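*Asks:* Quick one, entry.tsv (TSV, C-alpha atoms):
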chain	number	residue	atom	x	y	z
A	113	MET	CA	19.32	-19.70	65.15
A	114	LEU	CA	22.05	-21.18	67.35
A	115	ARG	CA	24.51	-21.16	64.47
A	116	ASP	CA	23.66	-17.51	63.77
A	117	ARG	CA	24.23	-16.63	67.42
A	118	VAL	CA	27.57	-18.42	67.45
A	119	GLN	CA	28.75	-16.69	64.28
A	120	ARG	CA	27.55	-13.21	65.14
A	121	SER	CA	28.21	-13.13	68.83
A	122	LEU	CA	29.86	-16.04	70.63
A	123	ALA	CA	32.71	-16.64	68.18
A	124	PRO	CA	33.92	-13.02	67.90
A	125	ARG	CA	33.54	-12.47	71.65
A	126	THR	CA	35.59	-15.59	72.33
A	127	VAL	CA	38.34	-14.52	69.92
A	128	VAL	CA	38.61	-11.15	71.66
A	129	ALA	CA	38.44	-12.62	75.16
A	130	LEU	CA	41.17	-15.17	74.39
A	131	SER	CA	43.37	-12.46	72.89
A	132	ARG	CA	43.24	-10.61	76.21
A	133	LEU	CA	44.29	-13.64	78.25
A	134	ARG	CA	47.85	-13.53	79.50
A	135	LEU	CA	49.56	-16.82	80.27
A	136	PRO	CA	51.28	-17.14	83.62
A	137	ARG	CA	55.03	-16.71	83.44
A	138	TRP	CA	55.76	-20.40	84.04
A	139	LEU	CA	53.68	-21.44	81.02
A	140	ARG	CA	55.37	-19.08	78.60
A	141	ARG	CA	57.90	-20.21	76.04
A	142	PRO	CA	61.20	-18.31	75.73
A	143	LEU	CA	60.51	-14.99	74.03
A	144	ARG	CA	61.18	-14.88	70.28
A	145	LEU	CA	60.54	-12.20	67.69
A	146	GLU	CA	59.67	-13.60	64.26
A	147	LEU	CA	59.34	-11.19	61.34
A	148	TYR	CA	57.77	-12.43	58.11
A	149	PHE	CA	58.42	-9.92	55.37
A	150	ALA	CA	58.75	-9.39	51.62
A	151	PHE	CA	61.39	-7.14	50.09
A	152	ASP	CA	58.85	-5.98	47.48
A	153	ASP	CA	56.68	-4.62	50.30
A	154	PRO	CA	57.39	-0.90	50.96
A	155	TYR	CA	56.07	-1.22	54.52
A	156	VAL	CA	59.27	-3.13	55.32
A	157	ALA	CA	61.11	0.18	55.06
A	158	VAL	CA	59.15	1.27	58.15
A	159	ALA	CA	59.01	-2.03	60.00
A	160	LEU	CA	62.50	-3.46	59.77
A	161	PRO	CA	64.60	-0.56	61.12
A	162	GLY	CA	62.07	-0.04	63.92
A	163	LEU	CA	62.04	-3.70	64.88
A	164	LEU	CA	65.81	-4.00	64.83
A	165	SER	CA	65.99	-1.09	67.27
A	166	LEU	CA	63.34	-2.65	69.52
A	167	ALA	CA	65.06	-6.05	69.45
A	168	LEU	CA	68.40	-4.47	70.37
A	169	GLU	CA	66.84	-2.35	73.09
A	170	HIS	CA	65.14	-5.39	74.64
A	171	GLY	CA	68.08	-7.75	74.16
A	172	LEU	CA	66.12	-10.11	71.92
A	173	PRO	CA	67.06	-11.72	68.62
A	174	LEU	CA	64.92	-10.90	65.59
A	175	ASP	CA	64.39	-14.00	63.43
A	176	LEU	CA	63.81	-13.08	59.80
A	177	TYR	CA	61.57	-15.09	57.48
A	178	PRO	CA	61.73	-13.61	53.97
A	179	LEU	CA	58.70	-14.29	51.77
A	180	LEU	CA	58.06	-14.55	48.08
A	181	GLU	CA	54.40	-15.54	48.38
A	182	ARG	CA	52.00	-13.53	50.53
A	183	GLY	CA	48.53	-11.98	50.52
A	184	ILE	CA	45.05	-13.34	49.96
A	185	ALA	CA	44.50	-15.62	46.98
A	186	GLY	CA	42.10	-14.07	44.47
A	187	ASP	CA	42.03	-10.68	46.22
A	188	PRO	CA	40.39	-8.33	43.68
A	189	ALA	CA	41.99	-5.32	45.41
A	190	ALA	CA	45.55	-6.70	45.30
A	191	ARG	CA	46.80	-4.21	42.70
A	192	GLN	CA	45.13	-1.29	44.49
A	193	ARG	CA	46.69	-2.37	47.77
A	194	GLN	CA	50.10	-2.54	46.12
A	195	LEU	CA	49.81	1.01	44.75
A	196	TYR	CA	48.37	2.42	47.98
A	197	SER	CA	51.06	0.77	50.10
A	198	ILE	CA	53.67	3.06	48.52
A	199	VAL	CA	51.69	6.21	49.35
A	200	ASP	CA	50.93	4.96	52.84
A	201	ALA	CA	54.44	3.73	53.63
A	202	ASP	CA	55.74	7.11	52.51
A	203	ARG	CA	53.40	8.86	54.97
A	204	LEU	CA	54.45	6.56	57.80
A	205	LEU	CA	58.11	7.27	57.06
A	206	LEU	CA	57.38	10.99	56.90
A	207	ARG	CA	56.31	10.86	60.56
A	208	GLY	CA	60.01	10.21	61.27
A	209	GLY	CA	61.25	12.73	58.70
A	210	ARG	CA	62.13	10.16	56.03
A	211	GLN	CA	60.75	9.45	52.55
A	212	LEU	CA	60.64	6.66	50.00
A	213	SER	CA	62.66	7.23	46.86
A	214	ARG	CA	60.92	4.46	44.93
A	215	ARG	CA	57.43	5.41	43.73
A	216	GLN	CA	56.60	2.37	41.60
A	217	PRO	CA	55.68	-1.07	42.94
A	218	LEU	CA	58.10	-3.96	42.70
A	219	ALA	CA	57.20	-7.55	41.88
A	220	ALA	CA	58.17	-10.40	44.18
A	221	THR	CA	60.26	-11.83	41.35
A	222	ASP	CA	62.30	-8.58	41.14
A	223	CYS	CA	63.40	-9.16	44.72
A	224	ALA	CA	63.62	-12.96	44.72
A	225	PHE	CA	67.43	-12.96	44.85
A	226	LEU	CA	67.37	-10.71	47.93
A	227	ALA	CA	64.96	-13.06	49.70
A	228	ALA	CA	67.17	-16.03	48.80
A	229	TRP	CA	70.36	-14.34	50.02
A	230	THR	CA	68.68	-13.36	53.30
A	231	GLU	CA	67.32	-16.87	53.78
A	232	ALA	CA	70.78	-18.31	53.14
A	233	ALA	CA	72.26	-16.00	55.79
A	234	ARG	CA	69.65	-16.94	58.43
A	235	ARG	CA	72.28	-18.09	60.96
A	236	ASN	CA	74.65	-15.19	60.34
A	237	PRO	CA	74.40	-12.75	63.30
A	238	GLU	CA	74.64	-9.85	60.82
A	239	VAL	CA	71.63	-10.91	58.74
A	240	GLY	CA	69.42	-8.21	60.28
A	241	SER	CA	71.94	-5.49	59.41
A	242	PHE	CA	72.19	-6.88	55.89
A	243	ALA	CA	68.42	-6.94	55.39
A	244	ALA	CA	68.09	-3.40	56.79
A	245	ALA	CA	70.82	-2.12	54.47
A	246	VAL	CA	69.11	-3.82	51.52
A	247	VAL	CA	65.74	-2.28	52.39
A	248	GLU	CA	67.32	1.15	52.77
A	249	ALA	CA	69.06	0.87	49.40
A	250	LEU	CA	65.97	-0.57	47.75
A	251	TRP	CA	63.21	1.73	49.00
A	252	LEU	CA	64.94	4.87	50.27
A	253	ASN	CA	67.92	5.32	47.99
A	254	SER	CA	67.06	3.99	44.54
A	255	THR	CA	64.51	4.00	41.76
A	256	GLY	CA	64.10	1.87	38.64
A	257	PRO	CA	65.30	-1.70	38.07
A	258	LEU	CA	67.35	-3.35	40.80
A	259	GLN	CA	71.11	-3.29	40.27
A	260	ARG	CA	72.18	-6.71	41.52
A	261	GLU	CA	75.78	-5.61	42.04
A	262	THR	CA	74.70	-2.90	44.53
A	263	TYR	CA	73.23	-5.57	46.77
A	264	ALA	CA	76.11	-7.98	46.18
A	265	GLU	CA	78.43	-5.28	47.54
A	266	LEU	CA	76.26	-4.95	50.64
A	267	HIS	CA	76.40	-8.73	51.03
A	268	ARG	CA	80.19	-8.76	50.84
A	269	GLY	CA	80.56	-5.70	53.09
A	270	ILE	CA	78.19	-6.83	55.86
A	271	LEU	CA	78.15	-10.62	55.68
A	272	HIS	CA	81.80	-10.91	54.55
A	273	CYS	CA	81.19	-13.46	51.80
A	274	GLU	CA	80.01	-13.74	48.22
A	275	PRO	CA	76.23	-13.98	47.68
A	276	PRO	CA	75.09	-17.59	47.30
A	277	ALA	CA	73.59	-19.16	44.21
A	278	GLU	CA	69.80	-19.19	44.29
A	279	THR	CA	69.34	-22.91	44.58
A	280	GLU	CA	66.17	-24.98	44.59
A	281	GLN	CA	66.85	-25.64	48.25
A	282	LEU	CA	66.65	-21.92	48.98
A	283	GLN	CA	63.45	-21.62	46.94
A	284	ALA	CA	61.99	-24.46	48.98
A	285	ALA	CA	63.02	-22.72	52.21
A	286	LEU	CA	61.28	-19.51	51.08
A	287	SER	CA	58.10	-21.44	50.27
A	288	ALA	CA	58.34	-23.03	53.71
A	289	ASN	CA	58.45	-19.53	55.25
A	290	SER	CA	55.14	-18.68	53.54
A	291	ARG	CA	53.59	-21.93	54.72
A	292	ARG	CA	54.85	-21.27	58.24
A	293	LEU	CA	53.30	-17.77	58.19
A	294	ARG	CA	49.92	-19.13	57.11
A	295	SER	CA	49.93	-22.12	59.41
A	296	ARG	CA	50.54	-19.78	62.34
A	297	GLY	CA	47.62	-17.56	61.43
A	298	HIS	CA	48.81	-14.66	59.24
A	299	TRP	CA	48.91	-13.93	55.55
A	300	GLU	CA	50.79	-10.70	54.84
A	301	SER	CA	54.01	-8.73	55.19
A	302	PRO	CA	55.38	-7.31	57.44
A	303	ALA	CA	53.98	-9.54	60.18
A	304	LEU	CA	55.65	-9.85	63.56
A	305	ARG	CA	54.87	-12.71	65.93
A	306	VAL	CA	55.62	-12.15	69.61
A	307	ASP	CA	54.61	-14.68	72.26
A	308	GLY	CA	51.91	-16.08	69.97
A	309	GLU	CA	50.50	-12.64	69.13
A	310	TRP	CA	50.57	-11.07	65.65
A	311	PHE	CA	51.21	-7.43	64.81
A	312	PHE	CA	51.41	-5.63	61.47
A	313	ALA	CA	54.85	-4.31	62.28
A	314	HIS	CA	54.86	-1.14	60.16
A	315	GLU	CA	51.89	0.35	62.02
A	316	ARG	CA	52.19	-1.15	65.50
A	317	LEU	CA	55.77	-0.42	66.57
A	318	ALA	CA	54.66	1.48	69.68
A	319	GLN	CA	52.29	-1.33	70.66
A	320	ILE	CA	55.02	-3.93	70.08
A	321	ALA	CA	57.37	-1.96	72.31
A	322	GLU	CA	54.71	-1.86	75.05
A	323	ARG	CA	54.08	-5.58	74.73
A	324	LEU	CA	57.79	-6.37	74.97
A	325	ASP	CA	58.11	-4.17	78.05
A	326	GLU	CA	55.17	-6.00	79.58
A	327	LEU	CA	56.51	-9.46	78.71
A	328	LEU	CA	60.03	-8.77	79.85
A	329	GLY	CA	58.84	-6.93	82.92
A	330	ALA	CA	56.94	-10.04	83.93
A	331	VAL	CA	60.03	-12.21	83.51
A	332	ARG	CA	62.47	-9.90	85.28
B	294	MET	CA	35.32	30.81	51.10
B	295	ASN	CA	33.99	27.22	51.22
B	296	ALA	CA	35.21	24.98	54.02
B	297	PRO	CA	37.62	22.23	52.91
B	298	ARG	CA	35.81	18.93	52.42
B	299	VAL	CA	36.76	15.61	53.93
B	300	GLU	CA	34.79	12.56	52.82
B	301	TYR	CA	34.34	9.83	55.42
B	302	PHE	CA	33.73	6.29	54.14
B	303	PHE	CA	32.36	4.23	57.01
B	304	SER	CA	30.94	0.75	57.59
B	305	PHE	CA	28.99	-0.32	60.67
B	306	ARG	CA	30.49	-3.78	60.25
B	307	SER	CA	34.05	-2.48	60.53
B	308	PRO	CA	35.51	-2.35	64.05
B	309	TYR	CA	38.13	0.09	62.82
B	310	SER	CA	35.35	2.39	61.58
B	311	TYR	CA	33.92	2.29	65.10
B	312	LEU	CA	37.31	3.19	66.59
B	313	SER	CA	37.71	6.08	64.15
B	314	ALA	CA	34.31	7.69	64.62
B	315	PRO	CA	34.79	9.75	67.82
B	316	ARG	CA	37.96	11.34	66.43
B	317	VAL	CA	36.65	11.86	62.91
B	318	PHE	CA	33.46	13.59	64.07
B	319	GLU	CA	35.67	16.03	66.01
B	320	LEU	CA	37.53	17.11	62.86
B	321	PRO	CA	34.97	19.74	61.72
B	322	ARG	CA	35.18	21.51	65.07
B	323	ARG	CA	38.97	21.29	65.16
B	324	TYR	CA	39.79	22.19	61.56
B	325	GLY	CA	36.69	23.98	60.23
B	326	ILE	CA	36.19	21.32	57.55
B	327	GLU	CA	32.97	20.06	56.01
B	328	LEU	CA	32.73	16.34	56.81
B	329	VAL	CA	30.90	14.45	54.07
B	330	TRP	CA	29.32	11.21	55.29
B	331	ARG	CA	29.71	8.18	53.04
B	332	GLY	CA	28.16	5.11	54.64
B	333	VAL	CA	29.10	2.00	52.64
B	334	ARG	CA	28.27	-1.70	52.47
B	335	PRO	CA	30.80	-3.90	54.31
B	336	MET	CA	33.57	-5.76	52.48
B	337	ALA	CA	31.78	-9.07	53.02
B	338	MET	CA	28.73	-7.64	51.20
B	339	ARG	CA	30.72	-6.46	48.19
B	340	GLY	CA	32.76	-9.50	47.20
B	341	GLN	CA	36.01	-8.82	49.06
B	342	PRO	CA	37.55	-12.04	50.42
B	343	LEU	CA	37.96	-12.09	54.18
B	344	PRO	CA	39.78	-15.27	55.24
B	345	ARG	CA	39.52	-16.48	58.81
B	346	ALA	CA	43.13	-15.49	59.64
B	347	LYS	CA	42.34	-11.91	58.65
B	348	GLN	CA	39.04	-11.87	60.56
B	349	PHE	CA	40.81	-13.08	63.70
B	350	TYR	CA	43.65	-10.60	63.29
B	351	ILE	CA	41.22	-7.70	62.86
B	352	LEU	CA	39.31	-8.63	66.02
B	353	ARG	CA	42.47	-9.04	68.10
B	354	ASP	CA	44.11	-5.90	66.78
B	355	ALA	CA	40.92	-3.85	67.12
B	356	ALA	CA	40.68	-5.04	70.74
B	357	ARG	CA	44.22	-3.81	71.43
B	358	GLU	CA	43.51	-0.51	69.72
B	359	ALA	CA	40.19	-0.06	71.54
B	360	ASP	CA	41.96	-0.62	74.87
B	361	ARG	CA	44.55	1.97	73.89
B	362	LEU	CA	41.83	4.46	72.92
B	363	GLY	CA	39.75	3.72	76.01
B	364	LEU	CA	36.73	2.52	74.00
B	365	PRO	CA	34.66	-0.52	75.02
B	366	PHE	CA	35.21	-3.52	72.76
B	367	GLY	CA	34.52	-7.23	72.83
B	368	ARG	CA	30.81	-7.68	73.54
B	369	ILE	CA	30.08	-7.99	69.83
B	370	HIS	CA	26.99	-8.64	67.79
B	371	ASP	CA	27.92	-8.79	64.11
B	372	PRO	CA	25.33	-6.75	62.15
B	373	LEU	CA	26.17	-8.31	58.75
B	374	GLY	CA	23.13	-8.29	56.48
B	375	GLU	CA	19.91	-6.58	57.50
B	376	GLY	CA	21.43	-5.04	60.63
B	377	VAL	CA	23.96	-3.18	58.51
B	378	TRP	CA	21.28	-1.94	56.10
B	379	ARG	CA	19.08	-0.68	58.92
B	380	CYS	CA	21.94	1.28	60.47
B	381	LEU	CA	23.05	2.72	57.14
B	382	CYS	CA	19.51	3.92	56.30
B	383	VAL	CA	18.94	5.40	59.75
B	384	ALA	CA	22.35	7.12	59.46
B	385	GLU	CA	21.16	8.83	56.25
B	386	HIS	CA	18.05	10.01	58.10
B	387	ALA	CA	20.16	11.09	61.09
B	388	LEU	CA	22.34	13.11	58.73
B	389	GLU	CA	19.26	15.05	57.56
B	390	GLN	CA	18.24	15.61	61.17
B	391	GLY	CA	21.70	16.86	62.22
B	392	ARG	CA	22.10	13.83	64.55
B	393	LEU	CA	24.59	11.81	62.51
B	394	ALA	CA	27.62	11.88	64.84
B	395	VAL	CA	25.65	10.95	67.93
B	396	PHE	CA	23.79	8.15	66.12
B	397	VAL	CA	26.92	6.67	64.54
B	398	ASN	CA	28.97	6.84	67.74
B	399	LEU	CA	26.20	5.29	69.84
B	400	THR	CA	25.35	2.57	67.34
B	401	ALA	CA	28.89	1.52	66.49
B	402	ARG	CA	29.68	1.34	70.19
B	403	ALA	CA	26.53	-0.75	70.75
B	404	ILE	CA	27.55	-3.21	68.02
B	405	TRP	CA	31.23	-3.60	69.00
B	406	GLY	CA	31.20	-2.91	72.71
B	407	GLU	CA	27.76	-3.69	74.05
B	408	GLY	CA	26.56	-6.71	72.05
B	409	VAL	CA	23.44	-5.01	70.73
B	410	ASP	CA	21.57	-6.77	67.90
B	411	VAL	CA	20.65	-3.87	65.60
B	412	SER	CA	18.64	-6.13	63.31
B	413	ARG	CA	15.90	-6.14	65.97
B	414	ASP	CA	13.49	-3.24	66.37
B	415	ALA	CA	13.57	-2.83	70.15
B	416	PRO	CA	17.33	-2.30	70.62
B	417	LEU	CA	17.63	-0.16	67.48
B	418	ARG	CA	14.72	1.96	68.66
B	419	THR	CA	16.50	2.57	71.96
B	420	LEU	CA	19.63	3.69	70.10
B	421	CYS	CA	17.67	5.96	67.77
B	422	GLU	CA	15.82	7.60	70.64
B	423	ARG	CA	19.03	8.04	72.63
B	424	ALA	CA	20.43	9.76	69.54
B	425	GLY	CA	17.48	12.17	69.56
B	426	LEU	CA	15.67	10.59	66.61
B	427	GLU	CA	11.99	9.70	66.37
B	428	TRP	CA	11.51	5.97	66.00
B	429	GLU	CA	8.65	6.19	63.51
B	430	ALA	CA	10.77	8.32	61.18
B	431	CYS	CA	13.67	5.88	61.59
B	432	ARG	CA	11.39	2.97	60.77
B	433	ARG	CA	10.35	4.70	57.58
B	434	ALA	CA	14.00	5.46	56.80
B	435	ILE	CA	14.84	1.75	56.93
B	436	THR	CA	12.53	1.10	53.99
B	437	THR	CA	13.29	4.29	52.05
B	438	PRO	CA	14.77	3.25	48.69
B	439	ASP	CA	16.54	6.61	48.27
B	440	TYR	CA	18.67	5.92	51.33
B	441	ARG	CA	19.70	2.49	50.05
B	442	GLU	CA	20.56	4.11	46.74
B	443	ARG	CA	22.77	6.65	48.50
B	444	VAL	CA	24.64	3.82	50.19
B	445	GLU	CA	25.12	2.09	46.85
B	446	THR	CA	26.40	5.36	45.37
B	447	ASN	CA	28.84	5.79	48.27
B	448	THR	CA	30.03	2.20	47.88
B	449	ALA	CA	30.60	2.76	44.15
B	450	GLN	CA	32.49	5.98	44.92
B	451	LEU	CA	34.84	4.13	47.25
B	452	ALA	CA	35.58	1.62	44.50
B	453	ALA	CA	36.02	4.42	41.96
B	454	LEU	CA	38.65	5.98	44.22
B	455	GLY	CA	40.62	2.76	43.95
B	456	HIS	CA	39.88	1.89	47.56
B	457	TRP	CA	38.45	-1.17	49.18
B	458	GLY	CA	38.63	-0.77	52.96
B	459	VAL	CA	37.15	1.44	55.66
B	460	PRO	CA	37.40	3.75	57.38
B	461	THR	CA	38.75	5.82	54.52
B	462	LEU	CA	39.01	9.59	54.64
B	463	VAL	CA	39.51	11.56	51.45
B	464	PHE	CA	40.92	15.07	51.40
B	465	GLU	CA	42.04	16.93	48.27
B	466	GLY	CA	41.98	13.71	46.27
B	467	GLU	CA	44.22	11.84	48.73
B	468	ALA	CA	42.86	8.82	50.58
B	469	TYR	CA	43.77	8.00	54.17
B	470	TRP	CA	42.80	4.45	55.04
B	471	GLY	CA	42.62	3.32	58.65
B	472	GLN	CA	41.71	4.60	62.10
B	473	ASP	CA	45.43	4.92	62.76
B	474	ARG	CA	45.99	7.21	59.76
B	475	ILE	CA	43.84	10.08	61.07
B	476	GLU	CA	47.03	11.74	62.30
B	477	ASP	CA	48.38	11.78	58.73
B	478	LEU	CA	45.17	13.41	57.53
B	479	GLU	CA	45.44	15.92	60.35
B	480	ARG	CA	48.94	16.78	59.20
B	481	ALA	CA	47.54	17.54	55.75
B	482	LEU	CA	44.65	19.51	57.27
B	483	SER	CA	47.05	21.55	59.40
B	484	ARG	CA	49.00	22.45	56.29
B	485	ALA	CA	45.81	23.48	54.48
B	486	ALA	CA	44.17	25.26	57.42
B	487	PRO	CA	45.57	25.55	60.94
B	488	PRO	CA	43.53	23.91	63.72
B	489	LEU	CA	40.74	26.04	65.17
B	490	ASP	CA	40.53	24.37	68.53
B	491	ARG	CA	42.79	21.70	69.89
B	492	HIS	CA	40.94	21.24	73.17
Kindly return the structure encoded in the file as structure tokens.

*Replies:*
Amino acid sequence: MLRDRVQRSLAPRTVVALSRLRLPRWLRRPLRLELYFAFDDPYVAVALPGLLSLALEHGLPLDLYPLLERGIAGDPAARQRQLYSIVDADRLLLRGGRQLSRRQPLAATDCAFLAAWTEAARRNPEVGSFAAAVVEALWLNSTGPLQRETYAELHRGILHCEPPAETEQLQAALSANSRRLRSRGHWESPALRVDGEWFFAHERLAQIAERLDELLGAVR
Amino acid sequence: MNAPRVEYFFSFRSPYSYLSAPRVFELPRRYGIELVWRGVRPMAMRGQPLPRAKQFYILRDAAREADRLGLPFGRIHDPLGEGVWRCLCVAEHALEQGRLAVFVNLTARAIWGEGVDVSRDAPLRTLCERAGLEWEACRRAITTPDYRERVETNTAQLAALGHWGVPTLVFEGEAYWGQDRIEDLERALSRAAPPLDRH
């Protein structure tokens, strides 16, 4: 009886109540934007450009955590989600007058080199521009198999160096990104963490903007 | 000419279904569509995994969205199990009585915003009567096998569409999943038939 009451009522009410709590300014950590994303996820074509604009507008860095592993283990709807995400991402882009060019899903392995290159460039101040250019080329301006040289040119043009070899160390760093995502309480791409709060970035850009205004307004 | 049809897949256990309901039930008046009710079993009662991280995210995000929409949210009583079945069966009866929208809006709000335990007779009776339904008829509805069968059919239809989540709206073979995708459906409806009344 008590257990039933906790599960049905007390636990969900507590989760909601805690989510509405706002820490006093002096208890807050410095504001960081962390985006966990997969290049094979079409929603990134909506989330990344929008977040880069918001980060710039609010004078905040956007830390990128590329993922190879994501989702719910054993999810029977995984394939359906993958197919629907293309239709849905296309509709979200259409709100801003844009469209996906790619209509078939990609596998994480197709995009593994892009995740590795982005991870390797983590400390480069242009990594956000590079990732955005990659996403644009990948989802808005191409179809079919990935042409590695197209992305290598973007790497050279934006990051001003040759793409790195995909070492075991980079693979380990990408796995660590997935573990970090899960240990902090999320499971999917594109997930943005702001001040301890998670947002699915492709569908909550307006809410993220409001939250940033609120957080920065409190600090100003 | 027949009115365009929009199918509405809904679960009483889904907070996003609750958030969608007031806007979805306005669509017939605004666009002259026929809204086809498809009450379904919740994900947790049809084998979809729902890890804790996802449960927490849904609650937190639904709270933000409810605040944005001006709907009460947070005093929750999870209806999983018998509570869900009772609401789904009464909804089928309410549909026949022309009281579906009022029953669904009131009941979903009671579950997600007012902490009402719909598995108990007394609070469900209050909701039914507020929705203009006779309690004795609702009590019979709860044990009517035909209504449970309809729910099973609706649940199978959702799966057959290649969909798993709710709320899902289907128009001209296209599915729109999520309370925040109603505007995309409305865009499609506007193309098919201009709005009748935007007020």

*Asks:* Please provide the set of residues having any atom within 12 Å of B:Pro344, restricted to all atoms listed in the file, with same-chain residues fewer than 3 positions apart removed, written as a list of chain:residue names.

*Replies:* A:Gly183, A:Ile184, A:Ala185, A:Gly186, A:Asp187, A:Arg294, A:Gly297, A:His298, A:Trp299, A:Glu300, B:Met336, B:Ala337, B:Gln341, B:Lys347, B:Gln348, B:Phe349, B:Tyr350, B:Ile351

*Asks:* Extract, using only C-alpha atoms, all DNA, RNA and protein residues at most 10 Å from B:Phe366, discarding same-chain residues fewer than 6 positions from it, and format them as a PyMOL selection string.

*Replies:* (chain A and resi 125+128-129) or (chain B and resi 308+311-312+352+355-360+402-408)

*Asks:* How far is it from atom CA of A:His267 to atom CA of A:Thr255, in Å with one decimal?

*Replies:*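 Those two atoms sit 19.7 Å apart.
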
*Asks:* Sorted by chain and rising residue number, list the residues of chain B at most 7 Å from chain A (counting all atoms listed in the file), each with its closest atom pair and distance in Å to one decimal, as CSV.

*Replies:*
residue,atom,partner,partner_atom,distance
B:Gln341,CA,A:Asp187,CA,6.9
B:Pro342,CA,A:Asp187,CA,6.3
B:Ala346,CA,A:Gly297,CA,5.3
B:Phe349,CA,A:Val127,CA,6.8
B:Leu352,CA,A:Val128,CA,6.2
B:Arg353,CA,A:Val128,CA,5.7
B:Ala356,CA,A:Val128,CA,6.5
B:Gly367,CA,A:Arg125,CA,5.5
B:Arg368,CA,A:Arg125,CA,5.8
B:Ile369,CA,A:Ser121,CA,5.6
B:His370,CA,A:Ser121,CA,4.8
B:Asp371,CA,A:Arg120,CA,4.6
B:Gly455,CA,A:Gln192,CA,6.1
B:His456,CA,A:Gln192,CA,6.9
B:Trp457,CA,A:Ala189,CA,6.6
B:Asp477,CA,A:Arg203,CA,6.9

*Asks:* To one decimal place in Å, what is the distance between atom CA of A:Leu328 and atom CA of A:Pro173?

*Replies:* 13.6 Å

*Asks:* For A:Ala284, which residue among A:Ala249, A:Ala228, A:His314, A:Asn236 is the nearest when counting only C-alpha atoms?

*Replies:*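 Result for the nearest residue to A:Ala284: A:Ala228.
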
*Asks:* Using all atoms listed in the file, determine which residues lie at most 10 Å from B:Leu489, disregarding the query and same-chain residues fewer than 5 positions distant; provide the list as a ChimeraX atom specification.

*Replies:* /B:320-325,483

*Asks:* Using all atoms listed in the file, which residues sit within 12 Å of B:Ala401 once same-chain residues fewer than 5 positions away are excluded, as a PyMOL selection string?

*Replies:* chain B and resi 303-315+364-366+368-372+376-377+380-381+384+393-396+406-411+417+420

*Asks:* Report, in Å to a single decimal, how far apart atom CA of B:Arg433 and atom CA of B:His386 are.

*Replies:*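 Taking atom CA of B:His386 as the start and atom CA of B:Arg433 as the end point, the length is 9.4 Å.
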
*Asks:* Pick the closest to B:Arg484 from B:Asp439, B:Pro297, B:Arg379, B:Met338: which is it, counting all atoms listed in the file?

*Replies:*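 Among the listed residues, B:Pro297 lies closest to B:Arg484.
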
*Asks:* For a quick check of understanding, using all atoms listed in the file, which of B:Gly471, B:Glu300, B:Leu343, B:Ala424 has the smallest distance to B:Asn398?

*Replies:*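 Among the listed residues, B:Ala424 lies closest to B:Asn398.
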
*Asks:* So, counting only C-alpha atoms, which residue among A:Thr221, A:Gly162, A:His170, A:Ser241 is closest to A:Gly329?

*Replies:*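 Using only C-alpha atoms, the shortest distance to A:Gly329 belongs to A:His170.
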
*Asks:* Produce the centre coordinates and the three edge lengths, each in Å to one decimal, of the box along x, y and z that contains all listed atoms of stretch 301-319 of chain B with 5 Å added on each side, as AutoDock Vina command-line options.

*Replies:*
--center_x 33.6 --center_y 6.1 --center_z 61.0 --size_x 19.1 --size_y 29.8 --size_z 23.7

*Asks:* Using all atoms listed in the file for the distances, tell me which of A:Ala233, A:Val306, A:Ala245, A:Leu226 is nearest to A:His272.

*Replies:*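 Residue with the minimum atom-to-atom distance to A:His272: A:Ala233.
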
*Asks:* Just checking: using only C-alpha atoms, which residue out of A:Arg234, A:Arg292, A:Leu266, A:Ser301 ends up closest to A:Asp152?

*Replies:*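 Of all the options, A:Ser301 lies closest to A:Asp152.
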
*Asks:* Would you kindly return, as a list in words, each protein, DNA or RNA residue with an atom no farther than 10 Å from any atom of A:Ala244, considering only C-alpha atoms and excluding same-chain residues fewer than 2 positions away?

*Replies:* Val156, Ala157, Ala159, Leu160, Pro161, Gly162, Leu164, Val239, Gly240, Ser241, Phe242, Val246, Val247, Glu248, Ala249 and Leu250 of chain A

*Asks:* For the residues in the current selection, export C-alpha atoms as a PDB file, in the frame of the given file.

*Replies:*
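And here's out.pdb as it stands now:
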ATOM      1  CA  VAL A 156      59.270  -3.130  55.320  1.00  0.00           C
ATOM      2  CA  ALA A 157      61.110   0.180  55.060  1.00  0.00           C
ATOM      3  CA  ALA A 159      59.010  -2.030  60.000  1.00  0.00           C
ATOM      4  CA  LEU A 160      62.500  -3.460  59.770  1.00  0.00           C
ATOM      5  CA  PRO A 161      64.600  -0.560  61.120  1.00  0.00           C
ATOM      6  CA  GLY A 162      62.070  -0.040  63.920  1.00  0.00           C
ATOM      7  CA  LEU A 164      65.810  -4.000  64.830  1.00  0.00           C
ATOM      8  CA  VAL A 239      71.630 -10.910  58.740  1.00  0.00           C
ATOM      9  CA  GLY A 240      69.420  -8.210  60.280  1.00  0.00           C
ATOM     10  CA  SER A 241      71.940  -5.490  59.410  1.00  0.00           C
ATOM     11  CA  PHE A 242      72.190  -6.880  55.890  1.00  0.00           C
ATOM     12  CA  VAL A 246      69.110  -3.820  51.520  1.00  0.00           C
ATOM     13  CA  VAL A 247      65.740  -2.280  52.390  1.00  0.00           C
ATOM     14  CA  GLU A 248      67.320   1.150  52.770  1.00  0.00           C
ATOM     15  CA  ALA A 249      69.060   0.870  49.400  1.00  0.00           C
ATOM     16  CA  LEU A 250      65.970  -0.570  47.750  1.00  0.00           C
TER      17      LEU A 250
END

*Asks:* Around the point (11.6, 11.4, 64.2), in the coordinates given by the file, pick out the residues reaching within 12 Å, counting only C-alpha atoms, and return them as number ranges by chain.

*Replies:* B: 383, 386-387, 389-392, 418, 421-434
